[in-house]
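Student: Here it is, the structure, as structure tokens.
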Protein chains: 2
Amino acid sequence: MSIVFSSHPEPPYFAVIFCSEIDRSEADAYVRMSEAMTRLAARQSGFLGLDEIPREGGIGLNVSYWRDEASIEAWKENAEHALARETGRREWYEWFHLRVARVERSYSFRRG
Amino acid sequence: MSIVFSSHPEPPYFAVIFCSEIDRSEADAYVRMSEAMTRLAARQSGFLGLDEIPREGGIGLNVSYWRDEASIEAWKENAEHALARETGRREWYEWFHLRVARVERSYSFRRG
């Protein structure tokens, strides 16, 4: 699964925190869907980036960043994305937790 | 590295989103510190949980959850935590990005 790092705009903006476990026998199909959804999300208005690292033992955590709640709502209503979520609930996810949060402040460090 | 899953209280509450890359030659020392900090955080007032999956290629992503900003501030001022952060900047982190966000809403799914 790809690793994508977000840009770091000035707050406020929004984060969608998504933690999930998938049926491991479905991992290949899930990864294909997930990568397609990342490419699609990256073309949405208001998309600011994604932090994600590869799943470990079926469990995954990613955070996508959005300009405002309207951008999150528009992405939720995207037809291809809605179909992927429906397939996910029917075939792939054991469980997931999704949180929408407003980023209030941020701090970065880089060595050297 | 341990995997810890958070509880899911009713919003609003706060999330600290932490994405980082460590010097891989320091991974063992980092993991020991990180596990000690997780145990210490879990004893702090206002700590609600942690979502974390193991690092991949030195890169990690975790989200800790807190009752309010005062809890986050108190944890930041914990002496042992402050020392760990200082050591991290000096010896372990190539870079990190930390975001503090207010969780506005959440949604969960479980199969079956």
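Ordered as shown in the structure tokens, chains take letters A, B, and onward, while each chain numbers its residues from 1 and ligands are numbered from 1 in the order shown.
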Find the residues near stretch 49-57 of chain B: any atom within 10 Å, counting only C-alpha atoms, skip ones fewer than 3 places away on the same chain, and give them as a ChimeraX atom specification.

Tutor: /A:3,17-19,53-57,59-62 /B:1-9,15-18,20-24,27,31,38,41-42,46,60-67

Student: I'd like to know which residues of chain A are strand (DSSP E) (by DSSP, run on the backbone); could you write them as a ChimeraX atom specification?

Tutor: /A:13-22,47-52,59-66,93-110

Student: So that I can check the surroundings of A:Ala70, please list as a list in words every protein, DNA and RNA residue that reaches within 12 Å of it, counting only C-alpha atoms and ignoring chain neighbours fewer than 3 positions away.

Tutor: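 Residues meeting the cut-off are Tyr13, Phe14, Gln44, Ser45, Gly46, Phe47, Trp66, Arg67, Glu73, Ala74, Trp75, Lys76 and Glu77 of chain A.
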
Student: All in-order C-alpha pairs, least squares, chain B moved onto chain A. Output the fitted coordinates as an mmCIF file with N, CA and C atoms, in the first residue's frame, please.

Tutor:
```cif
data_model
loop_
_atom_site.group_PDB
_atom_site.id
_atom_site.type_symbol
_atom_site.label_atom_id
_atom_site.label_comp_id
_atom_site.auth_asym_id
_atom_site.auth_seq_id
_atom_site.Cartn_x
_atom_site.Cartn_y
_atom_site.Cartn_z
ATOM 1 N N MET B 1 0.807 -1.163 0.018
ATOM 2 C CA MET B 1 -0.040 0.027 0.024
ATOM 3 C C MET B 1 0.843 1.263 0.016
ATOM 4 N N SER B 2 0.426 2.244 -0.724
ATOM 5 C CA SER B 2 1.271 3.422 -0.884
ATOM 6 C C SER B 2 1.346 4.232 0.401
ATOM 7 N N ILE B 3 2.415 4.962 0.527
ATOM 8 C CA ILE B 3 2.583 5.891 1.632
ATOM 9 C C ILE B 3 2.538 7.290 1.043
ATOM 10 N N VAL B 4 1.634 8.088 1.523
ATOM 11 C CA VAL B 4 1.456 9.440 0.997
ATOM 12 C C VAL B 4 1.562 10.413 2.156
ATOM 13 N N PHE B 5 2.339 11.444 1.982
ATOM 14 C CA PHE B 5 2.425 12.426 3.070
ATOM 15 C C PHE B 5 1.746 13.714 2.703
ATOM 16 N N SER B 6 1.119 14.249 3.707
ATOM 17 C CA SER B 6 0.300 15.428 3.510
ATOM 18 C C SER B 6 1.146 16.690 3.467
ATOM 19 N N SER B 7 0.591 17.698 2.887
ATOM 20 C CA SER B 7 1.115 19.046 3.021
ATOM 21 C C SER B 7 0.729 19.566 4.406
ATOM 22 N N HIS B 8 1.231 20.700 4.758
ATOM 23 C CA HIS B 8 0.974 21.237 6.101
ATOM 24 C C HIS B 8 0.503 22.669 6.034
ATOM 25 N N PRO B 9 -0.745 22.854 5.634
ATOM 26 C CA PRO B 9 -1.280 24.207 5.576
ATOM 27 C C PRO B 9 -1.468 24.768 6.987
ATOM 28 N N GLU B 10 -1.696 26.043 7.067
ATOM 29 C CA GLU B 10 -1.981 26.666 8.363
ATOM 30 C C GLU B 10 -3.375 26.240 8.853
ATOM 31 N N PRO B 11 -3.505 25.820 10.100
ATOM 32 C CA PRO B 11 -4.833 25.569 10.657
ATOM 33 C C PRO B 11 -5.652 26.870 10.680
ATOM 34 N N PRO B 12 -6.980 26.774 10.723
ATOM 35 C CA PRO B 12 -7.748 25.527 10.859
ATOM 36 C C PRO B 12 -8.023 24.836 9.517
ATOM 37 N N TYR B 13 -8.113 23.527 9.586
ATOM 38 C CA TYR B 13 -8.608 22.700 8.491
ATOM 39 C C TYR B 13 -9.149 21.422 9.145
ATOM 40 N N PHE B 14 -9.528 20.416 8.367
ATOM 41 C CA PHE B 14 -10.187 19.252 8.952
ATOM 42 C C PHE B 14 -9.416 17.962 8.687
ATOM 43 N N ALA B 15 -9.542 17.036 9.629
ATOM 44 C CA ALA B 15 -8.911 15.718 9.519
ATOM 45 C C ALA B 15 -9.979 14.642 9.636
ATOM 46 N N VAL B 16 -9.873 13.617 8.797
ATOM 47 C CA VAL B 16 -10.710 12.430 8.941
ATOM 48 C C VAL B 16 -9.792 11.289 9.376
ATOM 49 N N ILE B 17 -9.983 10.846 10.604
ATOM 50 C CA ILE B 17 -9.151 9.796 11.207
ATOM 51 C C ILE B 17 -9.891 8.477 11.013
ATOM 52 N N PHE B 18 -9.250 7.538 10.320
ATOM 53 C CA PHE B 18 -9.942 6.292 9.958
ATOM 54 C C PHE B 18 -9.106 5.102 10.415
ATOM 55 N N CYS B 19 -9.635 4.341 11.361
ATOM 56 C CA CYS B 19 -8.959 3.156 11.891
ATOM 57 C C CYS B 19 -9.850 1.959 11.589
ATOM 58 N N SER B 20 -9.278 0.882 11.032
ATOM 59 C CA SER B 20 -10.123 -0.237 10.586
ATOM 60 C C SER B 20 -9.377 -1.556 10.639
ATOM 61 N N GLU B 21 -10.151 -2.638 10.638
ATOM 62 C CA GLU B 21 -9.582 -3.970 10.449
ATOM 63 C C GLU B 21 -10.296 -4.619 9.284
ATOM 64 N N ILE B 22 -9.521 -5.193 8.365
ATOM 65 C CA ILE B 22 -10.130 -5.889 7.230
ATOM 66 C C ILE B 22 -9.932 -7.395 7.372
ATOM 67 N N ASP B 23 -10.789 -8.133 6.703
ATOM 68 C CA ASP B 23 -10.646 -9.582 6.540
ATOM 69 C C ASP B 23 -9.367 -9.813 5.726
ATOM 70 N N ARG B 24 -8.387 -10.484 6.331
ATOM 71 C CA ARG B 24 -7.090 -10.591 5.655
ATOM 72 C C ARG B 24 -7.143 -11.354 4.339
ATOM 73 N N SER B 25 -8.117 -12.248 4.189
ATOM 74 C CA SER B 25 -8.211 -12.995 2.928
ATOM 75 C C SER B 25 -8.621 -12.075 1.779
ATOM 76 N N GLU B 26 -9.088 -10.877 2.130
ATOM 77 C CA GLU B 26 -9.532 -9.914 1.127
ATOM 78 C C GLU B 26 -8.506 -8.796 0.913
ATOM 79 N N ALA B 27 -7.287 -9.000 1.446
ATOM 80 C CA ALA B 27 -6.325 -7.893 1.473
ATOM 81 C C ALA B 27 -5.974 -7.374 0.078
ATOM 82 N N ASP B 28 -5.791 -8.276 -0.891
ATOM 83 C CA ASP B 28 -5.385 -7.817 -2.233
ATOM 84 C C ASP B 28 -6.466 -6.942 -2.864
ATOM 85 N N ALA B 29 -7.704 -7.414 -2.782
ATOM 86 C CA ALA B 29 -8.811 -6.631 -3.349
ATOM 87 C C ALA B 29 -8.940 -5.304 -2.611
ATOM 88 N N TYR B 30 -8.755 -5.345 -1.310
ATOM 89 C CA TYR B 30 -8.880 -4.116 -0.525
ATOM 90 C C TYR B 30 -7.812 -3.102 -0.929
ATOM 91 N N VAL B 31 -6.587 -3.571 -1.076
ATOM 92 C CA VAL B 31 -5.485 -2.657 -1.416
ATOM 93 C C VAL B 31 -5.733 -2.016 -2.779
ATOM 94 N N ARG B 32 -6.218 -2.787 -3.742
ATOM 95 C CA ARG B 32 -6.519 -2.207 -5.063
ATOM 96 C C ARG B 32 -7.570 -1.097 -4.930
ATOM 97 N N MET B 33 -8.634 -1.384 -4.168
ATOM 98 C CA MET B 33 -9.675 -0.373 -3.974
ATOM 99 C C MET B 33 -9.108 0.843 -3.248
ATOM 100 N N SER B 34 -8.339 0.594 -2.218
ATOM 101 C CA SER B 34 -7.821 1.677 -1.387
ATOM 102 C C SER B 34 -6.914 2.608 -2.203
ATOM 103 N N GLU B 35 -6.069 2.029 -3.048
ATOM 104 C CA GLU B 35 -5.180 2.851 -3.873
ATOM 105 C C GLU B 35 -5.975 3.653 -4.898
ATOM 106 N N ALA B 36 -7.008 3.023 -5.455
ATOM 107 C CA ALA B 36 -7.865 3.755 -6.410
ATOM 108 C C ALA B 36 -8.570 4.915 -5.707
ATOM 109 N N MET B 37 -9.019 4.673 -4.460
ATOM 110 C CA MET B 37 -9.718 5.730 -3.720
ATOM 111 C C MET B 37 -8.756 6.872 -3.358
ATOM 112 N N THR B 38 -7.503 6.535 -3.050
ATOM 113 C CA THR B 38 -6.516 7.585 -2.761
ATOM 114 C C THR B 38 -6.304 8.465 -3.988
ATOM 115 N N ARG B 39 -6.177 7.831 -5.163
ATOM 116 C CA ARG B 39 -5.992 8.620 -6.398
ATOM 117 C C ARG B 39 -7.217 9.493 -6.660
ATOM 118 N N LEU B 40 -8.401 8.943 -6.392
ATOM 119 C CA LEU B 40 -9.639 9.702 -6.626
ATOM 120 C C LEU B 40 -9.769 10.853 -5.613
ATOM 121 N N ALA B 41 -9.472 10.576 -4.361
ATOM 122 C CA ALA B 41 -9.559 11.620 -3.319
ATOM 123 C C ALA B 41 -8.629 12.786 -3.652
ATOM 124 N N ALA B 42 -7.436 12.436 -4.156
ATOM 125 C CA ALA B 42 -6.430 13.467 -4.447
ATOM 126 C C ALA B 42 -6.902 14.442 -5.523
ATOM 127 N N ARG B 43 -7.924 14.047 -6.284
ATOM 128 C CA ARG B 43 -8.446 14.945 -7.319
ATOM 129 C C ARG B 43 -9.658 15.750 -6.834
ATOM 130 N N GLN B 44 -10.100 15.502 -5.597
ATOM 131 C CA GLN B 44 -11.265 16.221 -5.084
ATOM 132 C C GLN B 44 -10.897 17.633 -4.655
ATOM 133 N N SER B 45 -11.828 18.532 -4.834
ATOM 134 C CA SER B 45 -11.657 19.899 -4.347
ATOM 135 C C SER B 45 -11.562 19.879 -2.817
ATOM 136 N N GLY B 46 -10.594 20.593 -2.278
ATOM 137 C CA GLY B 46 -10.468 20.688 -0.834
ATOM 138 C C GLY B 46 -9.615 19.615 -0.197
ATOM 139 N N PHE B 47 -9.145 18.641 -0.985
ATOM 140 C CA PHE B 47 -8.254 17.599 -0.439
ATOM 141 C C PHE B 47 -6.881 18.199 -0.168
ATOM 142 N N LEU B 48 -6.366 18.009 1.050
ATOM 143 C CA LEU B 48 -5.069 18.592 1.414
ATOM 144 C C LEU B 48 -3.969 17.566 1.566
ATOM 145 N N GLY B 49 -4.327 16.279 1.677
ATOM 146 C CA GLY B 49 -3.275 15.279 1.832
ATOM 147 C C GLY B 49 -3.743 14.091 2.644
ATOM 148 N N LEU B 50 -2.831 13.125 2.800
ATOM 149 C CA LEU B 50 -3.148 11.863 3.473
ATOM 150 C C LEU B 50 -1.902 11.373 4.186
ATOM 151 N N ASP B 51 -2.037 10.986 5.437
ATOM 152 C CA ASP B 51 -0.974 10.272 6.157
ATOM 153 C C ASP B 51 -1.431 8.834 6.304
ATOM 154 N N GLU B 52 -0.614 7.916 5.821
ATOM 155 C CA GLU B 52 -1.005 6.509 5.893
ATOM 156 C C GLU B 52 0.251 5.647 5.896
ATOM 157 N N ILE B 53 0.249 4.607 6.728
ATOM 158 C CA ILE B 53 1.318 3.627 6.630
ATOM 159 C C ILE B 53 0.679 2.261 6.391
ATOM 160 N N PRO B 54 1.451 1.310 5.834
ATOM 161 C CA PRO B 54 0.832 0.037 5.460
ATOM 162 C C PRO B 54 0.185 -0.684 6.638
ATOM 163 N N ARG B 55 -0.863 -1.443 6.330
ATOM 164 C CA ARG B 55 -1.544 -2.245 7.343
ATOM 165 C C ARG B 55 -0.622 -3.270 7.959
ATOM 166 N N GLU B 56 -0.894 -3.561 9.211
ATOM 167 C CA GLU B 56 -0.162 -4.599 9.924
ATOM 168 C C GLU B 56 -1.206 -5.566 10.470
ATOM 169 N N GLY B 57 -1.162 -6.830 9.985
ATOM 170 C CA GLY B 57 -2.104 -7.819 10.507
ATOM 171 C C GLY B 57 -3.550 -7.443 10.288
ATOM 172 N N GLY B 58 -3.811 -6.797 9.136
ATOM 173 C CA GLY B 58 -5.193 -6.465 8.816
ATOM 174 C C GLY B 58 -5.669 -5.138 9.374
ATOM 175 N N ILE B 59 -4.887 -4.549 10.276
ATOM 176 C CA ILE B 59 -5.318 -3.316 10.935
ATOM 177 C C ILE B 59 -4.638 -2.098 10.312
ATOM 178 N N GLY B 60 -5.416 -1.103 10.034
ATOM 179 C CA GLY B 60 -4.883 0.094 9.378
ATOM 180 C C GLY B 60 -5.332 1.370 10.052
ATOM 181 N N LEU B 61 -4.517 2.403 9.856
ATOM 182 C CA LEU B 61 -4.813 3.733 10.396
ATOM 183 C C LEU B 61 -4.404 4.750 9.349
ATOM 184 N N ASN B 62 -5.304 5.622 8.962
ATOM 185 C CA ASN B 62 -4.898 6.719 8.088
ATOM 186 C C ASN B 62 -5.647 7.986 8.485
ATOM 187 N N VAL B 63 -5.055 9.105 8.109
ATOM 188 C CA VAL B 63 -5.668 10.404 8.375
ATOM 189 C C VAL B 63 -5.644 11.194 7.076
ATOM 190 N N SER B 64 -6.815 11.579 6.590
ATOM 191 C CA SER B 64 -6.870 12.459 5.415
ATOM 192 C C SER B 64 -7.223 13.859 5.886
ATOM 193 N N TYR B 65 -6.743 14.839 5.127
ATOM 194 C CA TYR B 65 -6.900 16.246 5.522
ATOM 195 C C TYR B 65 -7.687 16.983 4.453
ATOM 196 N N TRP B 66 -8.569 17.859 4.915
ATOM 197 C CA TRP B 66 -9.524 18.546 4.035
ATOM 198 C C TRP B 66 -9.650 20.003 4.423
ATOM 199 N N ARG B 67 -9.951 20.837 3.451
ATOM 200 C CA ARG B 67 -10.039 22.282 3.676
ATOM 201 C C ARG B 67 -11.178 22.647 4.623
ATOM 202 N N ASP B 68 -12.321 21.965 4.470
ATOM 203 C CA ASP B 68 -13.496 22.303 5.262
ATOM 204 C C ASP B 68 -14.459 21.112 5.289
ATOM 205 N N GLU B 69 -15.519 21.231 6.055
ATOM 206 C CA GLU B 69 -16.479 20.130 6.180
ATOM 207 C C GLU B 69 -17.233 19.899 4.871
ATOM 208 N N ALA B 70 -17.420 20.969 4.096
ATOM 209 C CA ALA B 70 -18.115 20.808 2.816
ATOM 210 C C ALA B 70 -17.319 19.893 1.877
ATOM 211 N N SER B 71 -15.986 19.990 1.911
ATOM 212 C CA SER B 71 -15.149 19.114 1.073
ATOM 213 C C SER B 71 -15.300 17.660 1.502
ATOM 214 N N ILE B 72 -15.355 17.436 2.804
ATOM 215 C CA ILE B 72 -15.529 16.071 3.324
ATOM 216 C C ILE B 72 -16.884 15.524 2.878
ATOM 217 N N GLU B 73 -17.904 16.365 2.955
ATOM 218 C CA GLU B 73 -19.259 15.946 2.583
ATOM 219 C C GLU B 73 -19.331 15.614 1.084
ATOM 220 N N ALA B 74 -18.688 16.453 0.259
ATOM 221 C CA ALA B 74 -18.694 16.219 -1.187
ATOM 222 C C ALA B 74 -17.977 14.905 -1.534
ATOM 223 N N TRP B 75 -16.884 14.626 -0.832
ATOM 224 C CA TRP B 75 -16.145 13.374 -1.066
ATOM 225 C C TRP B 75 -16.987 12.172 -0.635
ATOM 226 N N LYS B 76 -17.714 12.334 0.468
ATOM 227 C CA LYS B 76 -18.597 11.259 0.939
ATOM 228 C C LYS B 76 -19.673 10.966 -0.113
ATOM 229 N N GLU B 77 -20.111 12.002 -0.821
ATOM 230 C CA GLU B 77 -21.198 11.829 -1.799
ATOM 231 C C GLU B 77 -20.714 11.426 -3.185
ATOM 232 N N ASN B 78 -19.398 11.417 -3.391
ATOM 233 C CA ASN B 78 -18.854 10.944 -4.671
ATOM 234 C C ASN B 78 -19.341 9.509 -4.924
ATOM 235 N N ALA B 79 -19.897 9.262 -6.090
ATOM 236 C CA ALA B 79 -20.564 7.972 -6.367
ATOM 237 C C ALA B 79 -19.599 6.785 -6.283
ATOM 238 N N GLU B 80 -18.405 6.963 -6.836
ATOM 239 C CA GLU B 80 -17.443 5.867 -6.836
ATOM 240 C C GLU B 80 -16.978 5.555 -5.406
ATOM 241 N N HIS B 81 -16.820 6.602 -4.632
ATOM 242 C CA HIS B 81 -16.429 6.440 -3.231
ATOM 243 C C HIS B 81 -17.548 5.773 -2.421
ATOM 244 N N ALA B 82 -18.779 6.170 -2.698
ATOM 245 C CA ALA B 82 -19.922 5.574 -1.990
ATOM 246 C C ALA B 82 -20.013 4.069 -2.278
ATOM 247 N N LEU B 83 -19.762 3.702 -3.540
ATOM 248 C CA LEU B 83 -19.782 2.279 -3.920
ATOM 249 C C LEU B 83 -18.663 1.513 -3.205
ATOM 250 N N ALA B 84 -17.475 2.121 -3.140
ATOM 251 C CA ALA B 84 -16.348 1.470 -2.456
ATOM 252 C C ALA B 84 -16.671 1.265 -0.973
ATOM 253 N N ARG B 85 -17.284 2.271 -0.356
ATOM 254 C CA ARG B 85 -17.625 2.133 1.070
ATOM 255 C C ARG B 85 -18.650 1.023 1.291
ATOM 256 N N GLU B 86 -19.614 0.958 0.372
ATOM 257 C CA GLU B 86 -20.649 -0.074 0.474
ATOM 258 C C GLU B 86 -20.023 -1.471 0.332
ATOM 259 N N THR B 87 -19.127 -1.619 -0.657
ATOM 260 C CA THR B 87 -18.429 -2.901 -0.825
ATOM 261 C C THR B 87 -17.599 -3.220 0.408
ATOM 262 N N GLY B 88 -16.960 -2.197 0.959
ATOM 263 C CA GLY B 88 -16.145 -2.384 2.162
ATOM 264 C C GLY B 88 -16.945 -2.938 3.318
ATOM 265 N N ARG B 89 -18.116 -2.350 3.550
ATOM 266 C CA ARG B 89 -18.945 -2.823 4.673
ATOM 267 C C ARG B 89 -19.448 -4.236 4.412
ATOM 268 N N ARG B 90 -19.729 -4.553 3.144
ATOM 269 C CA ARG B 90 -20.277 -5.873 2.819
ATOM 270 C C ARG B 90 -19.190 -6.938 2.831
ATOM 271 N N GLU B 91 -17.987 -6.619 2.341
ATOM 272 C CA GLU B 91 -17.003 -7.669 2.071
ATOM 273 C C GLU B 91 -15.686 -7.566 2.819
ATOM 274 N N TRP B 92 -15.251 -6.356 3.180
ATOM 275 C CA TRP B 92 -13.866 -6.216 3.626
ATOM 276 C C TRP B 92 -13.694 -5.887 5.096
ATOM 277 N N TYR B 93 -14.484 -4.968 5.599
ATOM 278 C CA TYR B 93 -14.222 -4.493 6.969
ATOM 279 C C TYR B 93 -14.778 -5.442 8.023
ATOM 280 N N GLU B 94 -13.942 -5.751 9.009
ATOM 281 C CA GLU B 94 -14.443 -6.383 10.228
ATOM 282 C C GLU B 94 -15.076 -5.304 11.100
ATOM 283 N N TRP B 95 -14.406 -4.170 11.145
ATOM 284 C CA TRP B 95 -14.906 -3.006 11.879
ATOM 285 C C TRP B 95 -14.147 -1.786 11.391
ATOM 286 N N PHE B 96 -14.716 -0.620 11.621
ATOM 287 C CA PHE B 96 -13.947 0.620 11.468
ATOM 288 C C PHE B 96 -14.488 1.685 12.412
ATOM 289 N N HIS B 97 -13.618 2.651 12.688
ATOM 290 C CA HIS B 97 -13.996 3.838 13.451
ATOM 291 C C HIS B 97 -13.539 5.048 12.650
ATOM 292 N N LEU B 98 -14.451 5.947 12.393
ATOM 293 C CA LEU B 98 -14.151 7.149 11.631
ATOM 294 C C LEU B 98 -14.447 8.364 12.518
ATOM 295 N N ARG B 99 -13.502 9.282 12.556
ATOM 296 C CA ARG B 99 -13.690 10.510 13.337
ATOM 297 C C ARG B 99 -13.409 11.712 12.446
ATOM 298 N N VAL B 100 -14.246 12.715 12.549
ATOM 299 C CA VAL B 100 -14.009 13.981 11.852
ATOM 300 C C VAL B 100 -13.591 15.009 12.894
ATOM 301 N N ALA B 101 -12.439 15.627 12.667
ATOM 302 C CA ALA B 101 -11.866 16.541 13.667
ATOM 303 C C ALA B 101 -11.379 17.823 12.997
ATOM 304 N N ARG B 102 -11.479 18.907 13.753
ATOM 305 C CA ARG B 102 -11.026 20.218 13.269
ATOM 306 C C ARG B 102 -9.609 20.452 13.786
ATOM 307 N N VAL B 103 -8.640 20.562 12.880
ATOM 308 C CA VAL B 103 -7.250 20.793 13.297
ATOM 309 C C VAL B 103 -7.123 22.234 13.767
ATOM 310 N N GLU B 104 -6.703 22.396 15.020
ATOM 311 C CA GLU B 104 -6.643 23.715 15.643
ATOM 312 C C GLU B 104 -5.236 24.305 15.573
ATOM 313 N N ARG B 105 -4.220 23.416 15.716
ATOM 314 C CA ARG B 105 -2.843 23.904 15.671
ATOM 315 C C ARG B 105 -1.926 22.767 15.283
ATOM 316 N N SER B 106 -0.738 23.114 14.813
ATOM 317 C CA SER B 106 0.207 22.084 14.384
ATOM 318 C C SER B 106 1.626 22.548 14.675
ATOM 319 N N TYR B 107 2.517 21.557 14.712
ATOM 320 C CA TYR B 107 3.924 21.842 15.021
ATOM 321 C C TYR B 107 4.763 20.830 14.259
ATOM 322 N N SER B 108 5.814 21.302 13.601
ATOM 323 C CA SER B 108 6.670 20.404 12.830
ATOM 324 C C SER B 108 8.115 20.525 13.278
ATOM 325 N N PHE B 109 8.845 19.445 13.099
ATOM 326 C CA PHE B 109 10.281 19.398 13.407
ATOM 327 C C PHE B 109 10.993 18.697 12.263
ATOM 328 N N ARG B 110 12.166 19.199 11.912
ATOM 329 C CA ARG B 110 13.013 18.493 10.953
ATOM 330 C C ARG B 110 14.455 18.625 11.416
ATOM 331 N N ARG B 111 15.165 17.502 11.414
ATOM 332 C CA ARG B 111 16.548 17.479 11.891
ATOM 333 C C ARG B 111 17.448 18.344 11.018
ATOM 334 N N GLY B 112 18.407 18.993 11.679
ATOM 335 C CA GLY B 112 19.549 19.550 10.938
ATOM 336 C C GLY B 112 19.369 20.968 10.482
#
```

Student: Using backbone DSSP assignments, extract all helix (DSSP H, G or I) residues from stretch 25-99 of chain A; output them as a ChimeraX atom specification.

Tutor: /A:25-41,69-77,79-92
